[in-house]
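> Enclosed is the structure file input.csv (CSV, C-alpha atoms).
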chain,number,residue,atom,x,y,z
C,15,MET,CA,-23.7,26.4,41.8
C,16,SER,CA,-24.6,29.5,43.7
C,17,ASP,CA,-28.3,30.0,44.4
C,18,THR,CA,-27.8,33.7,43.4
C,19,ALA,CA,-27.1,32.7,39.8
C,20,PRO,CA,-30.3,32.9,37.8
C,21,VAL,CA,-31.9,29.8,36.3
C,22,LEU,CA,-33.5,30.3,32.9
C,23,VAL,CA,-36.9,28.7,32.6
C,24,THR,CA,-38.3,28.8,29.1
C,25,GLY,CA,-42.1,28.5,28.7
C,26,VAL,CA,-42.5,30.0,32.1
C,27,ALA,CA,-46.2,30.9,31.5
C,28,GLY,CA,-46.9,27.4,30.4
C,29,PHE,CA,-48.3,24.6,32.6
C,30,ILE,CA,-45.1,22.8,33.6
C,31,GLY,CA,-42.9,25.9,33.3
C,32,PHE,CA,-45.1,27.8,35.8
C,33,HIS,CA,-44.9,25.0,38.4
C,34,VAL,CA,-41.1,24.5,38.0
C,35,ALA,CA,-40.5,28.3,38.3
C,36,ARG,CA,-42.7,28.4,41.4
C,37,ARG,CA,-40.8,25.5,43.0
C,38,LEU,CA,-37.4,27.0,42.2
C,39,LEU,CA,-38.4,30.4,43.7
C,40,ALA,CA,-39.7,28.7,46.8
C,41,ALA,CA,-36.3,27.0,47.2
C,42,GLY,CA,-34.6,30.4,47.1
C,43,ARG,CA,-33.4,30.4,43.5
C,44,ARG,CA,-33.5,33.3,41.1
C,45,VAL,CA,-35.5,32.7,38.0
C,46,ILE,CA,-35.5,34.5,34.6
C,47,GLY,CA,-38.6,33.3,32.8
C,48,ILE,CA,-39.3,33.7,29.1
C,49,ASP,CA,-42.5,33.0,27.1
C,50,ASP,CA,-44.0,34.3,23.9
C,51,LEU,CA,-47.6,34.1,25.3
C,52,ASN,CA,-48.9,32.8,22.0
C,53,ALA,CA,-52.6,32.0,21.4
C,54,TYR,CA,-52.4,28.2,21.0
C,55,TYR,CA,-54.8,28.3,24.0
C,56,ASP,CA,-56.3,31.3,25.9
C,57,PRO,CA,-53.4,33.7,26.7
C,58,ARG,CA,-55.4,34.9,29.7
C,59,LEU,CA,-54.6,31.6,31.5
C,60,LYS,CA,-50.9,32.2,30.8
C,61,GLN,CA,-51.2,35.8,32.2
C,62,ALA,CA,-53.0,34.5,35.3
C,63,ARG,CA,-50.1,32.1,35.9
C,64,LEU,CA,-47.6,34.9,35.6
C,65,ALA,CA,-49.6,37.0,38.0
C,66,GLN,CA,-48.7,34.5,40.7
C,67,PHE,CA,-45.1,35.8,40.6
C,68,ALA,CA,-46.0,39.5,41.0
C,69,GLY,CA,-44.0,41.2,43.6
C,70,LEU,CA,-41.3,38.5,43.8
C,71,PRO,CA,-37.9,40.2,43.5
C,72,ALA,CA,-36.2,36.9,42.6
C,73,PHE,CA,-38.3,36.6,39.4
C,74,ALA,CA,-38.0,38.4,36.2
C,75,PHE,CA,-40.0,37.9,33.0
C,76,ARG,CA,-39.1,38.6,29.4
C,77,LYS,CA,-41.6,38.2,26.6
C,78,LEU,CA,-39.5,36.5,23.9
C,79,ASP,CA,-40.1,34.1,21.0
C,80,LEU,CA,-37.6,31.2,21.0
C,81,ALA,CA,-37.3,31.6,17.2
C,82,ASP,CA,-36.0,35.2,17.6
C,83,ARG,CA,-32.3,34.4,17.0
C,84,ALA,CA,-31.0,37.9,17.9
C,85,GLY,CA,-33.2,38.2,21.0
C,86,MET,CA,-32.1,34.8,22.3
C,87,ALA,CA,-28.5,35.5,21.7
C,88,ALA,CA,-28.8,38.8,23.6
C,89,LEU,CA,-30.5,37.1,26.5
C,90,PHE,CA,-27.8,34.5,26.9
C,91,ALA,CA,-25.1,37.2,26.5
C,92,GLU,CA,-26.6,39.3,29.3
C,93,PHE,CA,-27.1,36.5,31.9
C,94,ARG,CA,-24.8,33.6,30.9
C,95,PHE,CA,-27.0,31.2,32.6
C,96,PRO,CA,-25.3,28.3,34.4
C,97,ARG,CA,-28.5,26.3,34.4
C,98,VAL,CA,-31.2,26.2,31.8
C,99,VAL,CA,-34.6,24.5,32.1
C,100,HIS,CA,-36.1,24.4,28.6
C,101,LEU,CA,-39.8,23.7,28.7
C,102,ALA,CA,-41.1,26.0,26.0
C,103,ALA,CA,-42.4,24.3,22.8
C,104,GLN,CA,-45.3,24.2,20.5
C,105,ALA,CA,-47.3,21.4,22.1
C,106,GLY,CA,-50.2,19.2,20.9
C,107,VAL,CA,-50.3,16.3,18.6
C,108,ARG,CA,-53.5,17.1,16.7
C,109,HIS,CA,-52.6,20.8,16.2
C,110,SER,CA,-49.4,19.7,14.3
C,111,LEU,CA,-51.7,18.4,11.5
C,112,THR,CA,-53.0,21.9,10.7
C,113,ALA,CA,-50.1,24.2,11.8
C,114,PRO,CA,-46.9,22.4,11.0
C,115,HIS,CA,-44.7,25.5,10.6
C,116,ALA,CA,-45.4,26.5,14.2
C,117,TYR,CA,-43.7,23.3,15.3
C,118,ALA,CA,-40.7,23.9,13.1
C,119,ASP,CA,-40.3,27.4,14.4
C,120,ALA,CA,-40.7,26.7,18.1
C,121,ASN,CA,-39.4,23.1,18.4
C,122,LEU,CA,-36.6,23.1,15.9
C,123,THR,CA,-35.4,26.7,15.2
C,124,GLY,CA,-36.2,27.7,18.8
C,125,PHE,CA,-34.4,24.7,20.3
C,126,LEU,CA,-31.3,25.4,18.1
C,127,ASN,CA,-31.3,29.0,19.5
C,128,VAL,CA,-31.4,27.5,23.0
C,129,LEU,CA,-28.5,25.1,22.3
C,130,GLU,CA,-26.4,27.9,20.7
C,131,GLY,CA,-27.1,30.2,23.7
C,132,CYS,CA,-26.0,27.5,26.1
C,133,ARG,CA,-22.9,26.7,24.1
C,134,ARG,CA,-21.7,30.3,23.9
C,135,ALA,CA,-22.6,31.0,27.6
C,136,GLY,CA,-20.8,27.9,28.8
C,137,THR,CA,-24.0,26.6,30.5
C,138,GLY,CA,-23.2,23.9,33.0
C,139,HIS,CA,-26.5,22.0,32.4
C,140,LEU,CA,-29.3,22.1,29.9
C,141,LEU,CA,-32.4,20.2,31.1
C,142,TYR,CA,-35.0,20.1,28.4
C,143,ALA,CA,-38.5,18.6,27.8
C,144,SER,CA,-38.8,15.8,25.4
C,145,SER,CA,-42.0,13.7,25.1
C,146,SER,CA,-43.5,10.2,25.3
C,147,SER,CA,-44.6,10.9,21.7
C,148,VAL,CA,-41.1,10.0,20.5
C,149,TYR,CA,-42.0,6.3,21.1
C,150,GLY,CA,-44.5,6.5,18.2
C,151,ALA,CA,-45.1,3.1,16.7
C,152,ASN,CA,-43.2,1.3,19.4
C,153,THR,CA,-45.3,-1.6,20.7
C,154,ARG,CA,-42.9,-2.8,23.4
C,155,VAL,CA,-44.0,-2.0,27.0
C,156,PRO,CA,-43.0,-0.8,29.4
C,157,PHE,CA,-41.2,1.9,27.4
C,158,SER,CA,-37.4,2.3,28.0
C,159,THR,CA,-34.9,4.9,27.1
C,160,ALA,CA,-33.0,2.1,25.4
C,161,ASP,CA,-35.9,1.5,22.9
C,162,ASN,CA,-35.6,2.4,19.3
C,163,VAL,CA,-37.6,5.6,18.6
C,164,ASP,CA,-37.1,6.0,14.9
C,165,HIS,CA,-40.8,5.8,14.0
C,166,PRO,CA,-42.7,8.8,15.4
C,167,LEU,CA,-46.4,9.0,14.4
C,168,SER,CA,-46.8,12.8,14.6
C,169,LEU,CA,-44.9,15.8,13.5
C,170,TYR,CA,-44.8,16.9,17.2
C,171,GLY,CA,-43.1,13.6,18.1
C,172,ALA,CA,-40.7,13.9,15.2
C,173,THR,CA,-39.6,17.4,16.4
C,174,LYS,CA,-39.0,16.1,19.9
C,175,LYS,CA,-36.9,13.2,18.6
C,176,ALA,CA,-35.0,15.8,16.6
C,177,ASN,CA,-34.4,17.7,19.8
C,178,GLU,CA,-32.8,14.7,21.4
C,179,LEU,CA,-30.5,14.2,18.4
C,180,MET,CA,-29.6,17.9,18.4
C,181,ALA,CA,-28.8,17.9,22.1
C,182,HIS,CA,-26.7,14.7,21.6
C,183,SER,CA,-24.7,16.3,18.9
C,184,TYR,CA,-24.0,19.4,21.0
C,185,ALA,CA,-22.9,17.2,23.9
C,186,HIS,CA,-20.5,15.5,21.5
C,187,LEU,CA,-19.2,18.5,19.7
C,188,PHE,CA,-19.1,21.1,22.4
C,189,GLY,CA,-19.2,19.2,25.7
C,190,LEU,CA,-22.6,20.7,26.6
C,191,PRO,CA,-24.1,18.6,29.5
C,192,ALA,CA,-27.8,18.0,28.6
C,193,THR,CA,-30.6,15.9,30.1
C,194,GLY,CA,-33.8,15.2,28.2
C,195,LEU,CA,-36.9,14.3,30.1
C,196,ARG,CA,-39.7,12.3,28.2
C,197,PHE,CA,-42.9,13.5,29.9
C,198,PHE,CA,-45.9,11.3,29.9
C,199,THR,CA,-49.2,13.3,29.8
C,200,VAL,CA,-48.8,15.6,32.7
C,201,TYR,CA,-51.9,16.8,34.5
C,202,GLY,CA,-52.7,18.9,37.6
C,203,PRO,CA,-53.7,22.4,38.7
C,204,TRP,CA,-53.3,25.2,36.2
C,205,GLY,CA,-53.3,22.6,33.4
C,206,ARG,CA,-53.7,23.0,29.7
C,207,PRO,CA,-57.3,23.4,28.5
C,208,ASP,CA,-56.6,21.4,25.3
C,209,MET,CA,-56.0,18.2,27.2
C,210,ALA,CA,-58.5,15.4,27.5
C,211,TYR,CA,-59.1,15.6,31.3
C,212,TRP,CA,-59.9,19.3,31.0
C,213,LEU,CA,-62.2,18.7,28.0
C,214,PHE,CA,-64.0,15.9,29.8
C,215,THR,CA,-64.5,18.0,33.0
C,216,ALA,CA,-65.7,21.0,31.1
C,217,ALA,CA,-68.2,18.9,29.2
C,218,ILE,CA,-69.5,17.3,32.4
C,219,ALA,CA,-69.8,20.7,34.1
C,220,GLU,CA,-71.7,22.2,31.1
C,221,GLY,CA,-74.0,19.2,30.6
C,222,ARG,CA,-72.5,18.3,27.1
C,223,PRO,CA,-71.6,14.9,25.8
C,224,ILE,CA,-68.0,13.8,26.3
C,225,ARG,CA,-66.1,13.5,23.0
C,226,LEU,CA,-64.2,10.2,23.0
C,227,PHE,CA,-61.0,9.8,20.9
C,228,ASN,CA,-60.2,6.7,19.0
C,229,HIS,CA,-63.7,5.4,19.8
C,230,GLY,CA,-62.8,5.3,23.4
C,231,ASP,CA,-60.3,2.5,22.8
C,232,MET,CA,-57.3,4.2,24.3
C,233,ARG,CA,-55.2,3.9,27.5
C,234,ARG,CA,-52.7,6.3,28.7
C,235,ASP,CA,-50.2,6.9,31.5
C,236,PHE,CA,-50.8,10.2,33.4
C,237,THR,CA,-48.2,11.9,35.5
C,238,PHE,CA,-49.1,14.4,38.2
C,239,VAL,CA,-47.3,17.7,37.7
C,240,ASP,CA,-45.8,17.8,41.2
C,241,ASP,CA,-43.9,14.6,40.4
C,242,VAL,CA,-42.6,16.1,37.2
C,243,VAL,CA,-41.4,19.2,39.1
C,244,GLU,CA,-39.8,17.0,41.7
C,245,ALA,CA,-37.7,15.3,38.9
C,246,VAL,CA,-36.7,18.6,37.4
C,247,VAL,CA,-35.6,20.3,40.6
C,248,ARG,CA,-33.6,17.2,41.7
C,249,LEU,CA,-31.8,16.9,38.4
C,250,VAL,CA,-31.2,20.6,37.5
C,251,ASP,CA,-27.9,20.6,39.5
C,252,LEU,CA,-26.9,17.1,38.5
C,253,PRO,CA,-25.6,17.3,35.0
C,254,PRO,CA,-24.6,14.0,33.3
C,255,LYS,CA,-20.9,13.1,33.2
C,256,GLY,CA,-18.7,12.2,30.3
C,257,ILE,CA,-15.6,10.0,30.3
C,258,PRO,CA,-12.5,11.4,31.8
C,259,ALA,CA,-10.2,13.7,29.7
C,260,GLY,CA,-7.8,11.6,27.7
C,261,GLY,CA,-10.2,8.8,26.9
C,262,GLY,CA,-10.3,5.6,28.8
C,263,SER,CA,-12.9,2.9,29.3
C,264,PRO,CA,-16.4,4.3,29.4
C,265,GLY,CA,-17.2,1.9,32.2
C,266,PRO,CA,-20.6,0.5,33.4
C,267,GLY,CA,-21.9,4.0,34.2
C,268,LEU,CA,-22.5,4.6,30.5
C,269,GLN,CA,-24.6,1.6,29.8
C,270,PRO,CA,-28.0,2.7,28.4
C,271,ARG,CA,-30.1,1.0,31.0
C,272,ALA,CA,-27.9,2.4,33.8
C,273,LEU,CA,-28.3,6.1,32.7
C,274,ALA,CA,-30.6,7.0,35.5
C,275,ARG,CA,-33.1,5.7,38.0
C,276,LEU,CA,-34.6,8.3,40.3
C,277,GLN,CA,-37.5,6.6,42.1
C,278,HIS,CA,-39.9,8.9,43.8
C,279,ARG,CA,-40.8,7.4,47.2
C,280,GLN,CA,-43.3,8.4,49.8
C,281,GLN,CA,-42.4,11.9,50.8
C,282,PRO,CA,-42.4,13.1,54.5
C,283,ALA,CA,-44.1,16.4,55.4
C,284,ARG,CA,-42.6,19.3,53.6
C,285,GLY,CA,-41.3,20.8,56.8
C,286,ALA,CA,-39.6,17.6,57.8
C,287,GLN,CA,-37.8,16.6,54.6
C,288,ASP,CA,-34.3,15.2,54.9
C,289,PRO,CA,-32.1,17.8,53.3
C,290,GLY,CA,-29.6,15.2,52.2
C,291,ARG,CA,-32.1,12.9,50.6
C,292,ALA,CA,-32.2,14.6,47.2
C,293,ASP,CA,-28.4,14.5,47.1
C,294,ARG,CA,-28.3,10.8,47.9
C,295,GLU,CA,-31.0,9.8,45.5
C,296,GLY,CA,-29.7,12.2,42.9
C,297,GLY,CA,-26.3,10.5,43.2
C,298,ARG,CA,-27.9,7.2,42.4
C,299,ALA,CA,-29.8,8.8,39.5
C,300,GLN,CA,-26.7,10.2,37.8
C,301,GLY,CA,-25.0,6.8,37.9
C,302,GLY,CA,-21.6,8.3,38.2
C,303,LEU,CA,-22.2,10.5,35.1
C,304,ARG,CA,-21.1,14.1,35.6
C,305,ALA,CA,-20.1,16.3,32.6
C,306,PRO,CA,-16.9,18.3,32.6
C,307,ALA,CA,-17.4,22.0,33.1
C,308,ASP,CA,-15.3,22.9,30.1
C,309,ALA,CA,-15.3,21.7,26.5
C,310,ALA,CA,-13.5,18.4,27.4
C,311,GLY,CA,-14.5,16.9,24.1
C,312,ARG,CA,-11.5,18.6,22.5
C,313,ARG,CA,-9.2,16.7,24.9
C,314,ALA,CA,-10.9,13.3,24.9
C,315,GLY,CA,-10.2,11.1,21.9
C,316,ASN,CA,-10.1,14.0,19.4
C,317,LEU,CA,-13.9,14.4,19.7
C,318,CYS,CA,-13.8,17.9,18.3
C,319,GLY,CA,-10.6,17.7,16.2
C,320,HIS,CA,-10.3,18.5,12.5
C,321,ARG,CA,-10.1,14.9,11.4
C,322,ARG,CA,-13.0,12.5,11.7
C,323,PRO,CA,-12.4,10.0,14.6
C,324,ARG,CA,-11.7,6.5,13.5
C,325,GLY,CA,-11.7,3.1,15.1
C,326,ARG,CA,-11.1,3.3,18.8
C,327,ASP,CA,-11.3,7.1,18.8
C,328,ARG,CA,-14.8,6.9,17.2
C,329,LEU,CA,-15.9,4.5,19.9
C,330,ARG,CA,-14.7,6.7,22.6
C,331,ALA,CA,-16.4,9.7,21.0
C,332,ALA,CA,-19.7,7.9,20.9
C,333,HIS,CA,-19.4,6.9,24.6
C,334,ALA,CA,-18.3,10.4,25.6
C,335,ALA,CA,-21.3,12.0,23.9
C,336,ARG,CA,-23.6,9.4,25.5
C,337,GLY,CA,-22.2,10.3,28.9
C,338,ARG,CA,-22.8,14.1,28.5
C,339,HIS,CA,-26.3,13.6,27.1
C,340,ARG,CA,-28.9,11.4,28.8
C,341,GLN,CA,-32.6,10.6,28.2
C,342,LEU,CA,-34.9,9.9,31.1
C,343,ARG,CA,-38.6,8.9,31.2
C,344,VAL,CA,-40.9,10.8,33.5
C,345,CYS,CA,-44.0,8.7,34.0
C,346,PRO,CA,-46.0,6.7,36.5
C,347,GLY,CA,-44.0,3.9,38.1
C,348,THR,CA,-45.3,0.5,39.1
C,349,ALA,CA,-46.6,1.5,42.5
C,350,THR,CA,-45.6,5.2,42.9
C,351,THR,CA,-44.9,7.9,40.5
C,352,GLY,CA,-41.3,8.8,39.7
C,353,VAL,CA,-38.6,9.2,37.2
C,354,ARG,CA,-37.5,5.8,35.8
C,355,ASP,CA,-35.4,4.6,32.9
C,356,ARG,CA,-37.6,1.4,32.7
Starting from the file, lay out its structure as structure tokens.

Amino acid sequence: MSDTAPVLVTGVAGFIGFHVARRLLAAGRRVIGIDDLNAYYDPRLKQARLAQFAGLPAFAFRKLDLADRAGMAALFAEFRFPRVVHLAAQAGVRHSLTAPHAYADANLTGFLNVLEGCRRAGTGHLLYASSSSVYGANTRVPFSTADNVDHPLSLYGATKKANELMAHSYAHLFGLPATGLRFFTVYGPWGRPDMAYWLFTAAIAEGRPIRLFNHGDMRRDFTFVDDVVEAVVRLVDLPPKGIPAGGGSPGPGLQPRALARLQHRQQPARGAQDPGRADREGGRAQGGLRAPADAAGRRAGNLCGHRRPRGRDRLRAAHAARGRHRQLRVCPGTATTGVRDR
């Protein structure tokens, strides 16, 4: 993909979106960023993040609500983005108890508008944020993308699980290559003020008692934002791959545990990075899975035909959809932080 083609980053004034956009711009990419600048937390922080892009000709900002169907359709019609990094969402588990409709608007209606925009624009890769909250009541550790995630414990987690199912269906029906990243409690500079580490630090600085959640009986994986950004920028030009046109065996590359393994290793100094390294490691990550650029689903096993696929066709359809849509975990590894599927 040409570096002159703009990348859409949704939630660009948010914590992760800001860092991803900054990294893409530093790599010479054009970025169109959208955000509704809502008041879930202090909008002045979001404005301060956007101010870091002032004067950069490769960056353009549009204030836009994901749930604005007409506005989203017009945006995709204008730019026909070849790559979309969808990071906007109504975040927060506790907030979903008191403002459930905000989650339906942003995370369900908004995500549908993104999917429809990608479908109609012929987007070559949609990379979107899911969440570790989808694991819900799962007690098996370490978590895996092969785990059952049918028991979310929050409305937020349920909307993120719904996003994964929606993306999977669009991969199956329309051949839209999509990658979902399950983030595990991201922290770092310019972070969200509603997160525990920010609340704890503010309490210490102001001489107030620290409020413990769940009586302090809680453990959690944290992922540094730079490692999340590393995963996103490596994967944005590596869409997953479906089975070849005309069907055929799905092969070992479509086994759930082999979907991806992108291990973040010790990085050299930024000025001395190996330019071929991301390609080599990204090649291992995709596991031979690259989606067709066109709607190949209509040619492979009657995936989008008028009759419901049966028998072997149905099996091929399921494998093809799995190939065009992948789920990856983004969480701390055993010794180093990276992107792992186990």
> Between C:His182, C:Lys174, C:Arg76, C:His109, which residue has the minimum interatomic distance to Leu122 in chain C, considering only C-alpha atoms?
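Ranked by minimum distance to Leu122 in chain C, first place goes to C:Lys174.
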> Choose the residue, out of C:Ala91, C:Ile48, C:Val242, C:Leu101, that has the smallest atom-to-atom separation from Gly136 in chain C; count only C-alpha atoms.
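The answer is C:Ala91, which sits nearest to Gly136 in chain C.
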> Give me the residues within 9 Å of range 61-73 of chain C as a ChimeraX atom specification, counting only C-alpha atoms and dropping any in the same chain fewer than 4 places off.
/C:20,26-29,32,35-36,39,42-47,51,57,204
> For a test of reading the model, state the distance in Å between CA of Ser110 in chain C and CA of Asn52 in chain C, rounded to one decimal.
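Taking CA of Ser110 in chain C and CA of Asn52 in chain C, their separation equals 15.2 Å.
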> Place N, CA, C and O atoms on range 16-36 of chain C and deliver the coordinates as a short mmCIF file (atom, residue, chain, number, x, y, z; two decimals), keeping the file's coordinate frame.

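The resulting selection-v3.cif:
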data_model
loop_
_atom_site.label_atom_id
_atom_site.label_comp_id
_atom_site.auth_asym_id
_atom_site.auth_seq_id
_atom_site.Cartn_x
_atom_site.Cartn_y
_atom_site.Cartn_z
N SER C 16 -24.00 28.55 42.80
CA SER C 16 -24.60 29.50 43.70
C SER C 16 -26.06 29.71 43.47
O SER C 16 -26.50 29.79 42.32
N ASP C 17 -26.85 29.81 44.55
CA ASP C 17 -28.30 30.00 44.40
C ASP C 17 -28.58 31.45 43.90
O ASP C 17 -29.70 31.75 43.53
N THR C 18 -27.56 32.33 43.90
CA THR C 18 -27.80 33.70 43.40
C THR C 18 -27.71 33.75 41.89
O THR C 18 -28.15 34.73 41.30
N ALA C 19 -27.13 32.74 41.26
CA ALA C 19 -27.10 32.70 39.80
C ALA C 19 -28.46 32.39 39.25
O ALA C 19 -29.11 31.45 39.72
N PRO C 20 -28.94 33.13 38.27
CA PRO C 20 -30.30 32.90 37.80
C PRO C 20 -30.42 31.61 36.98
O PRO C 20 -29.50 31.22 36.25
N VAL C 21 -31.55 30.95 37.11
CA VAL C 21 -31.90 29.80 36.30
C VAL C 21 -32.86 30.29 35.21
O VAL C 21 -33.83 30.98 35.51
N LEU C 22 -32.57 29.95 33.97
CA LEU C 22 -33.50 30.30 32.90
C LEU C 22 -34.55 29.22 32.77
O LEU C 22 -34.23 28.03 32.65
N VAL C 23 -35.80 29.62 32.82
CA VAL C 23 -36.90 28.70 32.60
C VAL C 23 -37.67 29.20 31.36
O VAL C 23 -38.29 30.27 31.40
N THR C 24 -37.60 28.45 30.27
CA THR C 24 -38.30 28.80 29.10
C THR C 24 -39.76 28.25 29.18
O THR C 24 -39.98 27.23 29.82
N GLY C 25 -40.72 28.94 28.55
CA GLY C 25 -42.10 28.50 28.70
C GLY C 25 -42.64 28.71 30.08
O GLY C 25 -43.45 27.93 30.58
N VAL C 26 -42.20 29.78 30.74
CA VAL C 26 -42.50 30.00 32.10
C VAL C 26 -44.00 30.25 32.38
O VAL C 26 -44.51 30.02 33.49
N ALA C 27 -44.72 30.72 31.36
CA ALA C 27 -46.20 30.90 31.50
C ALA C 27 -46.97 29.70 31.14
O ALA C 27 -48.19 29.71 31.22
N GLY C 28 -46.27 28.66 30.71
CA GLY C 28 -46.90 27.40 30.40
C GLY C 28 -47.21 26.58 31.64
O GLY C 28 -46.78 26.92 32.75
N PHE C 29 -47.89 25.47 31.46
CA PHE C 29 -48.30 24.60 32.60
C PHE C 29 -47.16 24.13 33.41
O PHE C 29 -47.04 24.43 34.61
N ILE C 30 -46.24 23.38 32.82
CA ILE C 30 -45.10 22.80 33.60
C ILE C 30 -44.12 23.89 33.97
O ILE C 30 -43.61 23.91 35.09
N GLY C 31 -43.83 24.81 33.03
CA GLY C 31 -42.90 25.90 33.30
C GLY C 31 -43.28 26.71 34.52
O GLY C 31 -42.44 27.09 35.35
N PHE C 32 -44.57 27.01 34.63
CA PHE C 32 -45.10 27.80 35.80
C PHE C 32 -44.79 27.04 37.08
O PHE C 32 -44.29 27.64 38.05
N HIS C 33 -45.09 25.75 37.12
CA HIS C 33 -44.90 25.00 38.40
C HIS C 33 -43.42 24.84 38.71
O HIS C 33 -43.03 24.90 39.89
N VAL C 34 -42.57 24.64 37.69
CA VAL C 34 -41.10 24.50 38.00
C VAL C 34 -40.58 25.84 38.49
O VAL C 34 -39.82 25.86 39.47
N ALA C 35 -40.95 26.95 37.87
CA ALA C 35 -40.50 28.30 38.30
C ALA C 35 -40.93 28.53 39.77
O ALA C 35 -40.15 29.02 40.59
N ARG C 36 -42.17 28.20 40.07
CA ARG C 36 -42.70 28.40 41.40
C ARG C 36 -41.90 27.62 42.45
O ARG C 36 -41.58 28.11 43.54
#
